[in-house]
Amino acid sequence: MLDLKLIRSNPETVKKAMEARGMDPSSVDEVLELDKERRALLAEVEGLKNTRNRVSEEIARLKKEGEDAQDKILEMREVSDTIKEKDEVIRNLEGKINKRLLNIPNIFHESVPVGTCDRDNAEIRRWGEPPSFDFPFKAHWEIGENLDIIDLERAGKVAGARFAFYKGLGARLERALVNFMLDLHTGEHGYTEVFPPFLVCSDSMVGTGQLPKFCEDMFKVEGTDFYLIPTAEVPVTNLYREEIIPEEQLPIKHTAYSACFRAEAGAHGRDTRGLIRQHQFNKVELVKFAHPDNSYEELESLTADAERVLQLLELPYRVVVLCSGDLGFCSAKTYDLEVWMPSSGTYREISSCSNFEDYQARRANIRFKPKKGGKPRFVHTLNGSGVAVGRTVAAILENFQQEDGSVIVPKVLQPYMGGISKIEKKKG
RNA sequence: GGAGAGAUGGCCGAGUAGGCUGAAGGCGGUCGCCUGCUAAGCGACUGUACGGGGAUAAAACCUGUACCGAGGGUUCGAAUCCCUCUCUCUCCGCCA
C-alpha cells in the first residue's frame, strides 16, 4: 500500500497513476476526507487521555496522603466513557481508511509507458530465432499426447478442466526443468534456495497484495484461514514479514520451487487446451529484498537471471515492459519474458519480473535498519518467475519437435534426463 | 486429540497484594574520553507507530497519545486482575 503521507501531500500524483491504470481514482479523495476526520478526532481524544493520565496520577497521590479523591474519580469516570466512545469512532474511520488504502494500486515508475492494454506494452529486446518448420508442426498438447507423456483427458476425469497428468519422460522433463532452474539460480546467480509452504494464512496474502482485492483468483481451504499460494512469491516475500533486516544483508536473494494454484476466474474460454493455463502448475520463483537505492538495477539483473534460463534452453523469446494499463496492481515496473510458441504464432508470457518498490514492504512491514543509524526504512521487494515450468515444457515440445513426432531435449537438460537427448514415441 | 508451561524493548532477562515502569539489569550497537596500537576501562546515548508544534516538503528538535503475543472486560488508573483467541515449548496418544 501507499504511504498515507504521500497521498496527503501528493493526491494528484496518486490519482493520475490510477487513471493511467484505467482505475477510478475517487477513493483517493475519500481517504483524504476520512483522514481529516480521523485526525481531528484523534487530537480531541488524545487531549482527553492526557487529562485522564494527569488526574489519575493526582488521585494516586491524594490516596497516598489519605485525602478524598471521590470527586475526581467520578469526573474521570465520565471522561473515560467519552474516550471509549470516540475511540470507537476513530477505530471505525481507520478501518475505512485502511480498506481504501489496500485497494489503491502502486504508483508506477516513470519509465513505464502509459497505455490501456497489452498491445501498448513495449518490446525491449528479442533473443533467438523462431524455428521455421518444413513440415506441418503440431501444438504441444498434440505432441504430448502422441508421445504419451501428457494426459489431459484423464486429468479432466480425476480433477477437472485445467489440470494435467505428466507421464514417463514428460514427468521427468518437468522435474528436470525444476532442478535445472534451481541449480542455475543457486549455483550461478547467487540465490539461496527455500522450499516454502504451499498454503499460507490470509495475513500473508494481504502482505503481497493478493488480498483483499483479488480473492476470487485464489483457492481457499474451506473452514480455515488457509489459501493455496498462487505463486511462491507469497510465502517467500512474507518470510521477513514484520521483521527488520540488517542493511548489510541486502540484497537478500531467494529462489524457490513451488506448485502454484490459480482459480482462473474470468479466464473462461481462454487457453482452454494444453498446458498454458492450468489451475495448478509448477514454477521456480526468484525473490529479492533490495535496498531502495538500487532496486532498479536489481530488477535488471533479476530479469537477466530469468532470461538466462531461456537462453540456456535455447528457446527464442522477447522482453516487453508492461504499460500502465497492463501492470500488476502492486508493481511499479514489470518486464514480461515471452517465449515463442509456434502453435499460436506469437510470443507468450513465461515469466514476469517486477519491482514493487516499498508497496509490498509497507503492507507486510518489512524493513531494514540503516547502517548509519536512523529509523528503519522499508526495503524494496522484487520477484520474477525463473521460470514457469509448465509453459516451458510446452515451449520445448513445440519449438524442438521433429517431423517424426519426437522432441529434441535441450543440451543443458540432458544431464537431468539421464542423458536422454530425444523424447520418442515408445515402440509398440 | 489429551495434560502442563510459557509469550516483556535488536537480543537475553527482572518486574503480579494494580498507581512517575516505555519498562530495572545485562548483552549488542552508536558517540565521547582514555591508550603508541589492540584489548580492557570510564562516561553519555540507544524501541516503534500515530498526532500536534517546529514559517512551507523532509529532517533535527520540542510535545502528546498508544504499544509488555492479539482482541475484549473490570477500574479514576493494568505489563500486573478477569474472559476469549493465537503462537511456542514439554509430555502422552495418533499419523506421512
# chains A, B, ... in the order shown; residues from 1 in each chain; ligands from 1

$ residues_around --residues "A66 (chain B)" --least-positions-apart "5" --cutoff "10 Å" --atoms "only C-alpha atoms (C1' of nucleotides)" --output "MDAnalysis selection string"
(chainID A and resid 46) or (chainID B and resid 49:50)

$ closest_atom_pairs --of "chain B" --to "chain A" --cutoff "7 Å" --atoms "only C-alpha atoms (C1' of nucleotides)" --output "CSV"
residue,atom,partner,partner_atom,distance
B:G19,C1',A:Ala60,CA,5.7
B:G51,C1',A:Ala43,CA,6.5
B:G64,C1',A:Glu46,CA,6.9
B:U65,C1',A:Glu46,CA,5.4
B:C76,C1',A:Ile73,CA,4.3
B:G77,C1',A:Ser56,CA,5.6

$ write_last_selection --atoms "N, CA and C atoms (P, O5', C5', C4', C3', O3' and C1' of nucleotides)" --output "short mmCIF file (atom, residue, chain, number, x, y, z; two decimals), in the first residue's frame"
data_model
loop_
_atom_site.label_atom_id
_atom_site.label_comp_id
_atom_site.auth_asym_id
_atom_site.auth_seq_id
_atom_site.Cartn_x
_atom_site.Cartn_y
_atom_site.Cartn_z
P G B 19 0.94 -0.59 41.51
"O5'" G B 19 0.25 0.37 40.45
"C5'" G B 19 0.99 0.92 39.37
"C4'" G B 19 0.79 2.44 39.34
"C3'" G B 19 1.74 3.19 40.24
"O3'" G B 19 2.57 4.01 39.40
"C1'" G B 19 -0.52 3.88 40.59
P G B 51 -0.53 10.25 11.17
"O5'" G B 51 -1.25 11.10 12.28
"C5'" G B 51 -0.69 12.33 12.66
"C4'" G B 51 -1.49 12.88 13.80
"C3'" G B 51 -1.17 14.32 14.13
"O3'" G B 51 -1.97 15.18 13.33
"C1'" G B 51 -0.98 13.04 16.09
P G B 64 4.69 15.55 26.89
"O5'" G B 64 3.37 15.13 26.11
"C5'" G B 64 2.14 15.80 26.36
"C4'" G B 64 1.09 15.28 25.42
"C3'" G B 64 0.83 13.78 25.51
"O3'" G B 64 -0.03 13.47 26.59
"C1'" G B 64 1.01 14.42 23.25
P U B 65 0.08 12.05 27.29
"O5'" U B 65 -0.51 11.10 26.16
"C5'" U B 65 -1.88 11.17 25.80
"C4'" U B 65 -2.17 10.24 24.66
"C3'" U B 65 -1.74 8.79 24.87
"O3'" U B 65 -2.66 8.07 25.68
"C1'" U B 65 -1.07 9.50 22.72
P C B 76 -14.18 3.63 38.36
"O5'" C B 76 -13.02 4.53 37.76
"C5'" C B 76 -13.34 5.70 37.01
"C4'" C B 76 -12.09 6.51 36.81
"C3'" C B 76 -10.88 5.73 36.32
"O3'" C B 76 -10.91 5.57 34.92
"C1'" C B 76 -10.25 7.09 38.14
P G B 77 -10.55 4.17 34.31
"O5'" G B 77 -9.01 4.03 34.67
"C5'" G B 77 -8.07 4.86 34.00
"C4'" G B 77 -6.70 4.67 34.60
"C3'" G B 77 -6.16 3.25 34.56
"O3'" G B 77 -5.57 2.97 33.30
"C1'" G B 77 -5.83 4.16 36.71
#

$ select_by_dssp --residues "region 202-424 of chain A" --states "helix (DSSP H, G or I)" --output "ChimeraX atom specification"
/A:202-208,215-217,233-240,247-249,292-312,359-364,389-399,411-417

$ residues_around --residues "region 158-174 of chain A" --least-positions-apart "5" --cutoff "6 Å" --atoms "only C-alpha atoms (C1' of nucleotides)" --output "PDB file with N, CA, C and O atoms, in the first residue's frame"
ATOM      1  N   ILE A 149       3.198 -38.594 -23.048  1.00  0.00           N
ATOM      2  CA  ILE A 149       3.884 -38.021 -21.890  1.00  0.00           C
ATOM      3  C   ILE A 149       3.004 -37.000 -21.152  1.00  0.00           C
ATOM      4  O   ILE A 149       3.350 -36.538 -20.068  1.00  0.00           O
ATOM      5  N   ILE A 150       1.888 -36.628 -21.773  1.00  0.00           N
ATOM      6  CA  ILE A 150       0.953 -35.704 -21.123  1.00  0.00           C
ATOM      7  C   ILE A 150      -0.451 -36.249 -21.325  1.00  0.00           C
ATOM      8  O   ILE A 150      -0.820 -36.655 -22.435  1.00  0.00           O
ATOM      9  N   ASP A 151      -1.212 -36.296 -20.243  1.00  0.00           N
ATOM     10  CA  ASP A 151      -2.572 -36.842 -20.313  1.00  0.00           C
ATOM     11  C   ASP A 151      -3.542 -35.834 -19.710  1.00  0.00           C
ATOM     12  O   ASP A 151      -3.695 -35.733 -18.500  1.00  0.00           O
ATOM     13  N   LEU A 152      -4.156 -35.071 -20.600  1.00  0.00           N
ATOM     14  CA  LEU A 152      -5.088 -34.038 -20.152  1.00  0.00           C
ATOM     15  C   LEU A 152      -6.486 -34.608 -19.957  1.00  0.00           C
ATOM     16  O   LEU A 152      -7.236 -34.150 -19.092  1.00  0.00           O
ATOM     17  N   GLN A 278      -3.383 -23.446 -16.377  1.00  0.00           N
ATOM     18  CA  GLN A 278      -3.780 -24.553 -15.516  1.00  0.00           C
ATOM     19  C   GLN A 278      -4.164 -24.036 -14.119  1.00  0.00           C
ATOM     20  O   GLN A 278      -3.686 -22.998 -13.693  1.00  0.00           O
ATOM     21  N   HIS A 279      -4.995 -24.813 -13.432  1.00  0.00           N
ATOM     22  CA  HIS A 279      -5.304 -24.459 -12.046  1.00  0.00           C
ATOM     23  C   HIS A 279      -4.101 -24.730 -11.134  1.00  0.00           C
ATOM     24  O   HIS A 279      -3.968 -24.128 -10.078  1.00  0.00           O
TER      25      HIS A 279
END

$ atom_distance --atom1 "CA of Arg91 (chain A)" --atom2 "CA of Leu41 (chain A)"
10.7 Å

$ residues_around --residues "C33 (chain B)" --least-positions-apart "4" --cutoff "12 Å" --atoms "only C-alpha atoms (C1' of nucleotides)" --output "PDB file with all heavy atoms, in the first residue's frame"
ATOM      1  P     G B  41      35.880  -3.865  30.399  1.00  0.00           P
ATOM      2  OP1   G B  41      35.085  -4.559  31.448  1.00  0.00           O
ATOM      3  OP2   G B  41      35.280  -3.555  29.094  1.00  0.00           O
ATOM      4  O5'   G B  41      36.470  -2.523  31.012  1.00  0.00           O
ATOM      5  C5'   G B  41      37.076  -2.522  32.309  1.00  0.00           C
ATOM      6  C4'   G B  41      37.558  -1.128  32.633  1.00  0.00           C
ATOM      7  O4'   G B  41      38.503  -0.693  31.622  1.00  0.00           O
ATOM      8  C3'   G B  41      36.474  -0.056  32.607  1.00  0.00           C
ATOM      9  O3'   G B  41      35.733  -0.028  33.802  1.00  0.00           O
ATOM     10  C2'   G B  41      37.304   1.218  32.388  1.00  0.00           C
ATOM     11  O2'   G B  41      37.912   1.651  33.577  1.00  0.00           O
ATOM     12  C1'   G B  41      38.373   0.710  31.415  1.00  0.00           C
ATOM     13  N9    G B  41      38.002   0.939  30.003  1.00  0.00           N
ATOM     14  C8    G B  41      37.642  -0.011  29.081  1.00  0.00           C
ATOM     15  N7    G B  41      37.368   0.495  27.900  1.00  0.00           N
ATOM     16  C5    G B  41      37.562   1.868  28.065  1.00  0.00           C
ATOM     17  C6    G B  41      37.417   2.922  27.131  1.00  0.00           C
ATOM     18  O6    G B  41      37.084   2.879  25.945  1.00  0.00           O
ATOM     19  N1    G B  41      37.700   4.156  27.719  1.00  0.00           N
ATOM     20  C2    G B  41      38.084   4.330  29.026  1.00  0.00           C
ATOM     21  N2    G B  41      38.313   5.593  29.399  1.00  0.00           N
ATOM     22  N3    G B  41      38.225   3.354  29.899  1.00  0.00           N
ATOM     23  C4    G B  41      37.952   2.158  29.353  1.00  0.00           C
ATOM     24  P     C B  42      34.189   0.302  33.743  1.00  0.00           P
ATOM     25  OP1   C B  42      33.623  -0.056  35.061  1.00  0.00           O
ATOM     26  OP2   C B  42      33.602  -0.281  32.499  1.00  0.00           O
ATOM     27  O5'   C B  42      34.189   1.882  33.592  1.00  0.00           O
ATOM     28  C5'   C B  42      34.833   2.698  34.573  1.00  0.00           C
ATOM     29  C4'   C B  42      34.881   4.122  34.102  1.00  0.00           C
ATOM     30  O4'   C B  42      35.738   4.232  32.941  1.00  0.00           O
ATOM     31  C3'   C B  42      33.553   4.681  33.616  1.00  0.00           C
ATOM     32  O3'   C B  42      32.694   5.070  34.666  1.00  0.00           O
ATOM     33  C2'   C B  42      34.024   5.861  32.762  1.00  0.00           C
ATOM     34  O2'   C B  42      34.421   6.962  33.556  1.00  0.00           O
ATOM     35  C1'   C B  42      35.258   5.257  32.086  1.00  0.00           C
ATOM     36  N1    C B  42      34.929   4.664  30.774  1.00  0.00           N
ATOM     37  C2    C B  42      34.818   5.512  29.667  1.00  0.00           C
ATOM     38  O2    C B  42      35.009   6.719  29.825  1.00  0.00           O
ATOM     39  N3    C B  42      34.516   4.991  28.458  1.00  0.00           N
ATOM     40  C4    C B  42      34.314   3.673  28.324  1.00  0.00           C
ATOM     41  N4    C B  42      34.016   3.223  27.112  1.00  0.00           N
ATOM     42  C5    C B  42      34.409   2.788  29.428  1.00  0.00           C
ATOM     43  C6    C B  42      34.719   3.318  30.624  1.00  0.00           C
ATOM     44  P     G B  43      31.127   4.821  34.493  1.00  0.00           P
ATOM     45  OP1   G B  43      30.510   5.013  35.822  1.00  0.00           O
ATOM     46  OP2   G B  43      30.910   3.558  33.764  1.00  0.00           O
ATOM     47  O5'   G B  43      30.714   6.027  33.558  1.00  0.00           O
ATOM     48  C5'   G B  43      30.853   7.359  34.020  1.00  0.00           C
ATOM     49  C4'   G B  43      30.615   8.323  32.892  1.00  0.00           C
ATOM     50  O4'   G B  43      31.599   8.104  31.843  1.00  0.00           O
ATOM     51  C3'   G B  43      29.294   8.169  32.154  1.00  0.00           C
ATOM     52  O3'   G B  43      28.215   8.742  32.850  1.00  0.00           O
ATOM     53  C2'   G B  43      29.592   8.893  30.843  1.00  0.00           C
ATOM     54  O2'   G B  43      29.570  10.290  31.008  1.00  0.00           O
ATOM     55  C1'   G B  43      31.035   8.443  30.593  1.00  0.00           C
ATOM     56  N9    G B  43      31.081   7.269  29.704  1.00  0.00           N
ATOM     57  C8    G B  43      31.323   5.958  30.040  1.00  0.00           C
ATOM     58  N7    G B  43      31.292   5.146  29.016  1.00  0.00           N
ATOM     59  C5    G B  43      31.007   5.977  27.933  1.00  0.00           C
ATOM     60  C6    G B  43      30.839   5.687  26.559  1.00  0.00           C
ATOM     61  O6    G B  43      30.925   4.575  25.992  1.00  0.00           O
ATOM     62  N1    G B  43      30.560   6.816  25.810  1.00  0.00           N
ATOM     63  C2    G B  43      30.452   8.078  26.337  1.00  0.00           C
ATOM     64  N2    G B  43      30.174   9.048  25.451  1.00  0.00           N
ATOM     65  N3    G B  43      30.611   8.388  27.596  1.00  0.00           N
ATOM     66  C4    G B  43      30.873   7.290  28.341  1.00  0.00           C
ATOM     67  P     A B  44      26.760   8.119  32.657  1.00  0.00           P
ATOM     68  OP1   A B  44      25.889   8.729  33.688  1.00  0.00           O
ATOM     69  OP2   A B  44      26.858   6.651  32.543  1.00  0.00           O
ATOM     70  O5'   A B  44      26.345   8.709  31.232  1.00  0.00           O
ATOM     71  C5'   A B  44      26.138  10.111  31.051  1.00  0.00           C
ATOM     72  C4'   A B  44      25.965  10.421  29.590  1.00  0.00           C
ATOM     73  O4'   A B  44      27.136   9.956  28.860  1.00  0.00           O
ATOM     74  C3'   A B  44      24.812   9.698  28.905  1.00  0.00           C
ATOM     75  O3'   A B  44      23.560  10.307  29.138  1.00  0.00           O
ATOM     76  C2'   A B  44      25.234   9.774  27.446  1.00  0.00           C
ATOM     77  O2'   A B  44      25.025  11.061  26.903  1.00  0.00           O
ATOM     78  C1'   A B  44      26.743   9.516  27.572  1.00  0.00           C
ATOM     79  N9    A B  44      27.057   8.088  27.441  1.00  0.00           N
ATOM     80  C8    A B  44      27.335   7.182  28.427  1.00  0.00           C
ATOM     81  N7    A B  44      27.567   5.963  27.983  1.00  0.00           N
ATOM     82  C5    A B  44      27.428   6.083  26.605  1.00  0.00           C
ATOM     83  C6    A B  44      27.557   5.155  25.560  1.00  0.00           C
ATOM     84  N6    A B  44      27.856   3.869  25.742  1.00  0.00           N
ATOM     85  N1    A B  44      27.342   5.600  24.299  1.00  0.00           N
ATOM     86  C2    A B  44      27.043   6.884  24.110  1.00  0.00           C
ATOM     87  N3    A B  44      26.904   7.863  25.022  1.00  0.00           N
ATOM     88  C4    A B  44      27.114   7.386  26.257  1.00  0.00           C
TER      89        A B  44
END

$ atom_distance --atom1 "CA of Glu349 (chain A)" --atom2 "CA of Arg318 (chain A)"
9.3 Å

$ select_by_dssp --residues "region 20-133 of chain A" --states "strand (DSSP E or B)" --output "ChimeraX atom specification"
/A:122-127

$ closest_residue --among "A:Leu2, A:Gly22, A:Tyr335, A:Gly386" --to "Gly209 (chain A)" --atoms "only C-alpha atoms"
A:Leu2

$ residues_around --residues "U46 (chain B)" --least-positions-apart "3" --cutoff "12 Å" --atoms "only C-alpha atoms (C1' of nucleotides)" --output "list in words"
Gly373 and Gly374 of chain A; G9, G10, G28, G29, U30 and C31 of chain B

$ atom_distance --atom1 "CA of Ser344 (chain A)" --atom2 "CA of Thr303 (chain A)"
24.3 Å

$ residues_around --residues "region 3-5 of chain B" --least-positions-apart "2" --cutoff "9 Å" --atoms "only C-alpha atoms (C1' of nucleotides)" --output "list in words"
C89, U90, C91 and C92 of chain B

$ decode --residues "region 3-14 of chain B" --atoms "N, CA and C atoms (P, O5', C5', C4', C3', O3' and C1' of nucleotides)" --output "mmCIF file, in the first residue's frame"
data_model
loop_
_atom_site.group_PDB
_atom_site.id
_atom_site.type_symbol
_atom_site.label_atom_id
_atom_site.label_comp_id
_atom_site.auth_asym_id
_atom_site.auth_seq_id
_atom_site.Cartn_x
_atom_site.Cartn_y
_atom_site.Cartn_z
ATOM 1 P P A B 3 -7.209 -31.728 28.640
ATOM 2 O "O5'" A B 3 -5.801 -31.938 29.345
ATOM 3 C "C5'" A B 3 -5.684 -32.787 30.484
ATOM 4 C "C4'" A B 3 -4.255 -32.804 30.980
ATOM 5 C "C3'" A B 3 -3.627 -31.438 31.219
ATOM 6 O "O3'" A B 3 -4.022 -30.823 32.430
ATOM 7 C "C1'" A B 3 -2.107 -32.801 30.036
ATOM 8 P P G B 4 -4.081 -29.202 32.454
ATOM 9 O "O5'" G B 4 -2.549 -28.760 32.520
ATOM 10 C "C5'" G B 4 -1.779 -28.982 33.685
ATOM 11 C "C4'" G B 4 -0.315 -28.892 33.372
ATOM 12 C "C3'" G B 4 0.233 -27.495 33.118
ATOM 13 O "O3'" G B 4 0.455 -26.758 34.306
ATOM 14 C "C1'" G B 4 1.096 -28.979 31.510
ATOM 15 P P A B 5 0.436 -25.135 34.241
ATOM 16 O "O5'" A B 5 1.778 -24.781 33.459
ATOM 17 C "C5'" A B 5 3.046 -24.909 34.105
ATOM 18 C "C4'" A B 5 4.145 -24.477 33.183
ATOM 19 C "C3'" A B 5 4.043 -23.043 32.675
ATOM 20 O "O3'" A B 5 4.527 -22.080 33.597
ATOM 21 C "C1'" A B 5 4.491 -24.470 30.864
ATOM 22 P P G B 6 3.833 -20.632 33.622
ATOM 23 O "O5'" G B 6 4.354 -19.987 32.261
ATOM 24 C "C5'" G B 6 5.693 -19.541 32.140
ATOM 25 C "C4'" G B 6 6.075 -19.414 30.690
ATOM 26 C "C3'" G B 6 5.623 -18.138 29.978
ATOM 27 O "O3'" G B 6 6.472 -17.046 30.250
ATOM 28 C "C1'" G B 6 5.243 -20.014 28.589
ATOM 29 P P A B 7 5.932 -15.527 30.076
ATOM 30 O "O5'" A B 7 5.960 -15.360 28.489
ATOM 31 C "C5'" A B 7 7.220 -15.281 27.766
ATOM 32 C "C4'" A B 7 6.878 -15.108 26.294
ATOM 33 C "C3'" A B 7 6.426 -13.697 25.942
ATOM 34 O "O3'" A B 7 7.180 -13.209 24.834
ATOM 35 C "C1'" A B 7 4.805 -15.313 25.280
ATOM 36 P P U B 8 8.557 -12.511 25.032
ATOM 37 O "O5'" U B 8 8.072 -11.225 25.788
ATOM 38 C "C5'" U B 8 7.495 -10.150 25.042
ATOM 39 C "C4'" U B 8 7.530 -8.918 25.871
ATOM 40 C "C3'" U B 8 8.840 -8.148 25.851
ATOM 41 O "O3'" U B 8 8.903 -7.267 24.737
ATOM 42 C "C1'" U B 8 8.088 -8.355 28.072
ATOM 43 P P G B 9 9.736 -7.681 23.427
ATOM 44 O "O5'" G B 9 10.656 -6.414 23.189
ATOM 45 C "C5'" G B 9 10.497 -5.610 21.993
ATOM 46 C "C4'" G B 9 11.252 -4.322 22.198
ATOM 47 C "C3'" G B 9 12.739 -4.377 21.831
ATOM 48 O "O3'" G B 9 13.012 -3.579 20.682
ATOM 49 C "C1'" G B 9 12.409 -3.486 24.025
ATOM 50 P P G B 10 12.598 -4.098 19.299
ATOM 51 O "O5'" G B 10 14.053 -4.370 18.724
ATOM 52 C "C5'" G B 10 14.181 -5.060 17.496
ATOM 53 C "C4'" G B 10 15.459 -5.858 17.494
ATOM 54 C "C3'" G B 10 15.597 -6.833 18.660
ATOM 55 O "O3'" G B 10 14.926 -8.045 18.389
ATOM 56 C "C1'" G B 10 17.596 -5.602 18.429
ATOM 57 P P C B 11 14.158 -8.797 19.540
ATOM 58 O "O5'" C B 11 15.330 -9.593 20.260
ATOM 59 C "C5'" C B 11 16.006 -10.649 19.594
ATOM 60 C "C4'" C B 11 17.228 -11.051 20.386
ATOM 61 C "C3'" C B 11 16.958 -11.513 21.807
ATOM 62 O "O3'" C B 11 16.585 -12.869 21.851
ATOM 63 C "C1'" C B 11 18.733 -9.952 21.810
ATOM 64 P P C B 12 15.576 -13.356 22.987
ATOM 65 O "O5'" C B 12 16.460 -13.309 24.315
ATOM 66 C "C5'" C B 12 17.483 -14.276 24.528
ATOM 67 C "C4'" C B 12 18.274 -13.930 25.765
ATOM 68 C "C3'" C B 12 17.509 -13.931 27.083
ATOM 69 O "O3'" C B 12 17.340 -15.239 27.608
ATOM 70 C "C1'" C B 12 18.887 -12.020 26.979
ATOM 71 P P G B 13 16.054 -15.545 28.489
ATOM 72 O "O5'" G B 13 16.107 -14.449 29.642
ATOM 73 C "C5'" G B 13 17.068 -14.533 30.691
ATOM 74 C "C4'" G B 13 16.939 -13.317 31.583
ATOM 75 C "C3'" G B 13 15.597 -13.155 32.277
ATOM 76 O "O3'" G B 13 15.548 -13.926 33.464
ATOM 77 C "C1'" G B 13 16.203 -11.109 31.269
ATOM 78 P P A B 14 14.205 -13.941 34.329
ATOM 79 O "O5'" A B 14 14.285 -12.528 35.046
ATOM 80 C "C5'" A B 14 13.171 -12.061 35.767
ATOM 81 C "C4'" A B 14 13.583 -10.820 36.510
ATOM 82 C "C3'" A B 14 12.440 -10.145 37.251
ATOM 83 O "O3'" A B 14 12.248 -10.733 38.520
ATOM 84 C "C1'" A B 14 13.639 -8.528 36.001
#
